[in-house]
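Structure first, commentary second.
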Protein chains: 4
Amino acid sequence: MPRHVYFCKMRWSDMDAYGHVNNVVYLTFLEEARVDMFAPYAQHLQDHSPDGGFARGVVIAKHEISYLRPLVFRAEPVRVETWVTRIGVSSYTLGYEVRDEDVVYASAASVLVPYDVQAARPRRLRDAERAVLEPYLESV
Amino acid sequence: MPRHVYFCKMRWSDMDAYGHVNNVVYLTFLEEARVDMFAPYAQHLQDHSPDGGFARGVVIAKHEISYLRPLVFRAEPVRVETWVTRIGVSSYTLGYEVRDEDVVYASAASVLVPYDVQAARPRRLRDAERAVLEPYLESV
Amino acid sequence: MPRHVYFCKMRWSDMDAYGHVNNVVYLTFLEEARVDMFAPYAQHLQDHSPDGGFARGVVIAKHEISYLRPLVFRAEPVRVETWVTRIGVSSYTLGYEVRDEDVVYASAASVLVPYDVQAARPRRLRDAERAVLEPYLESV
Amino acid sequence: MPRHVYFCKMRWSDMDAYGHVNNVVYLTFLEEARVDMFAPYAQHLQDHSPDGGFARGVVIAKHEISYLRPLVFRAEPVRVETWVTRIGVSSYTLGYEVRDEDVVYASAASVLVPYDVQAARPRRLRDAERAVLEPYLESV
């Protein structure tokens with residue numbers, strides 16, 4: 001199954017006083033990868049979700065991230081691979097690696113929950129959303 | 001005339017790889033000082049501005065900032081003094097100093113423009129807004 | 001056993017386009033709490049750690065964070081409680097809650113690894129470091 | 001004279017609660033453009049500057065930025081054009097535009113001061129540094 005690949009540009013100011021990309025910023029890299037991953041489906045999802053679907057109605061329930069090697073600012077982007085590790089009734093889980101060809105800087109997972117913005121409560125995954133996630137499902 | 005005094009907490013990650021508070025972050029300190037300065041007037045302004053007044057309808061037209069000394073993270077907040085240097089028909093200017101008792105780290109100025117959010121265009125300052133600004137007016 | 005309590009000032013720009021504190025920024029709140037927690041021991045640790053001990057030589061191995069309720073910018077700081085959930089041979093784990101008196105916004109845990117900066121590799125916890133951690137140890 | 005062109009990737013979290021790129025973040029875009037502009041000369045400058053030259057020894061003395069139009073997050077990068085407007089004895093000034101082909105979002109200027117890191121004081125521009133700046137000099 002394919003992983004979504006996003007080449008994430010670091011910023012010089014992502015580094016902290018230790019001269020490494022600050023651990024918190026990695027989560028922003030994951031956010032950028034998610035935004036990039038679901039952007040092509042925005043129209044499709046909106047057609048099936050009058051409230052915007054994934055475009056607005058998803059909240060982060062949980063992040064887990066393991067830091068394996070320090071990352072230093074450079075001009076070349078770092079590769080963020082994203083895939084789906086679980087599709088539940090009312091949540092799904094993404095897996096990620098922040099990496100270069102031959103080295104993994106961090107591995108992570110996020111639990112995401114579709115959200116009914118109008119009703120202000122979690123909701124079930126819609127079929128159109130499952131259809132977007134399924135091609136990225138990878139048995140761990 | 002009184003200056004508004006805001007004690008701004010630095011964050012460790014405000015420092016960049018040079019071990020100083022990154023120059024960009026000072027502008028966030030100014031933003032925090034502005035938010036703190038106008039928060040007490042929010043209700044007053046809203047009563048006189050159905051669209052929220054300063055609470056929403058102000059955009060930054062210009063910033064100028066001079067860096068005088070480097071700032072290093074510490075537990076004690078840094079003092080941001082803010083005052084008004086000009087009240088125009090449809091804009092006003094704030095002056096700032098980021099400082100301790102005896103040292104100035106940066107001095108700055110911002111031009112702010114009241115904005116009609118509905119009509120999506122700049123608008124004139126309202127009397128209720130002038131009344132908030134005038135006590136802070138300082139001849140430079 | 002006591003928890004370390006840090007009152008963390010939010011910044012207006014911590015909010016993202018959804019009008020909530022961005023999920024990534026919570027990790028910065030945890031960082032601020034850690035910095036505040038260990039600052040008083042800096043001298044003690046330095047006396048027992050020629051390389052700076054916790055002051056420099058600790059890396060994040062892992063974060064886990066669960067988001068329970070959205071947080072909106074306000075003037076009053078949010079309370080970050082931090083304690084120790086595990087003291088290992090060459091790593092330790094912190095627990096956290098980002099909360100007000102009666103509501104928890106997020107709960108989190110971090111695995112931290114003491115690091116020998118000179119040798120560029122993980123090292124064992126020193127006795128002086130254990131002594132700092134032990135009062136905060138809480139059976140989960 | 002040529003301007004340096006940098007295509008700057010926005011991040012979703014660059015937007016603030018108003019749904020626009022926060023005014024402070026533009027300064028980070030300028031920082032990214034500067035880093036990109038001088039990176040190719042790093043080796044050349046280092047050969048002529050035992051202390052690292054521009055690579056480390058430059059501090060920001062002043063920023064001026066005028067905001068002309070709001071910027072909303074999108075996948076396509078925004079163009080940052082950078083050029084030199086003044087080369088002095090011990091400082092120089094950069095001009096910038098943050099823009100698309102047909103619209104300017106912000107125009108800005110920065111005064112930069114070469115810095116003797118060892119002696120901890122400003123220093124004169126070296127010939128090797130002037131040689132890097134001159135091709136970008138533009139009469140305003």
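Following the order of the structure tokens, first chain is A, next is B, and so on, with residues numbered from 1 inside each chain and ligands from 1 in the order they appear.
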Item to check | Interface residues on chain D facing chain C, 8 Å, only C-alpha atoms, written as a PyMOL selection string | outcome: chain D and resi 13-20+22
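Of the listed residues B:Cys8, B:Ala75, B:Val104, B:Ala128, the one whose atoms come nearest to Asp36 of chain C is B:Ala75, with distances taken using only C-alpha atoms.
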Item to check | Expected answer as a ChimeraX atom specification: alpha helix (DSSP H) residues in chain D | outcome: /D:25-38,42-48,127-133
Take the residues from that selection and put them in a file with C-alpha atoms, as an mmCIF file, in the first residue's frame.
data_model
loop_
_atom_site.group_PDB
_atom_site.id
_atom_site.type_symbol
_atom_site.label_atom_id
_atom_site.label_comp_id
_atom_site.auth_asym_id
_atom_site.auth_seq_id
_atom_site.Cartn_x
_atom_site.Cartn_y
_atom_site.Cartn_z
ATOM 1 C CA VAL D 25 5.335 35.220 10.572
ATOM 2 C CA TYR D 26 6.177 37.403 7.562
ATOM 3 C CA LEU D 27 9.434 38.234 9.342
ATOM 4 C CA THR D 28 10.208 34.522 9.416
ATOM 5 C CA PHE D 29 9.586 34.434 5.652
ATOM 6 C CA LEU D 30 12.185 37.212 5.300
ATOM 7 C CA GLU D 31 14.581 35.231 7.479
ATOM 8 C CA GLU D 32 14.149 32.180 5.279
ATOM 9 C CA ALA D 33 14.809 34.306 2.196
ATOM 10 C CA ARG D 34 18.014 35.724 3.726
ATOM 11 C CA VAL D 35 19.254 32.272 4.717
ATOM 12 C CA ASP D 36 18.604 31.022 1.197
ATOM 13 C CA MET D 37 20.233 34.092 -0.382
ATOM 14 C CA PHE D 38 23.535 33.850 1.453
ATOM 15 C CA ALA D 42 28.948 30.453 2.827
ATOM 16 C CA GLN D 43 32.125 28.704 1.668
ATOM 17 C CA HIS D 44 33.451 31.800 -0.105
ATOM 18 C CA LEU D 45 32.775 33.975 2.933
ATOM 19 C CA GLN D 46 34.256 31.471 5.338
ATOM 20 C CA ASP D 47 37.455 31.368 3.295
ATOM 21 C CA HIS D 48 37.722 35.119 3.824
ATOM 22 C CA ASP D 127 35.671 43.109 0.852
ATOM 23 C CA ALA D 128 34.570 39.537 0.329
ATOM 24 C CA GLU D 129 31.215 40.463 1.835
ATOM 25 C CA ARG D 130 30.821 43.577 -0.324
ATOM 26 C CA ALA D 131 31.527 41.426 -3.350
ATOM 27 C CA VAL D 132 28.612 39.199 -2.409
ATOM 28 C CA LEU D 133 26.247 42.125 -1.843
#
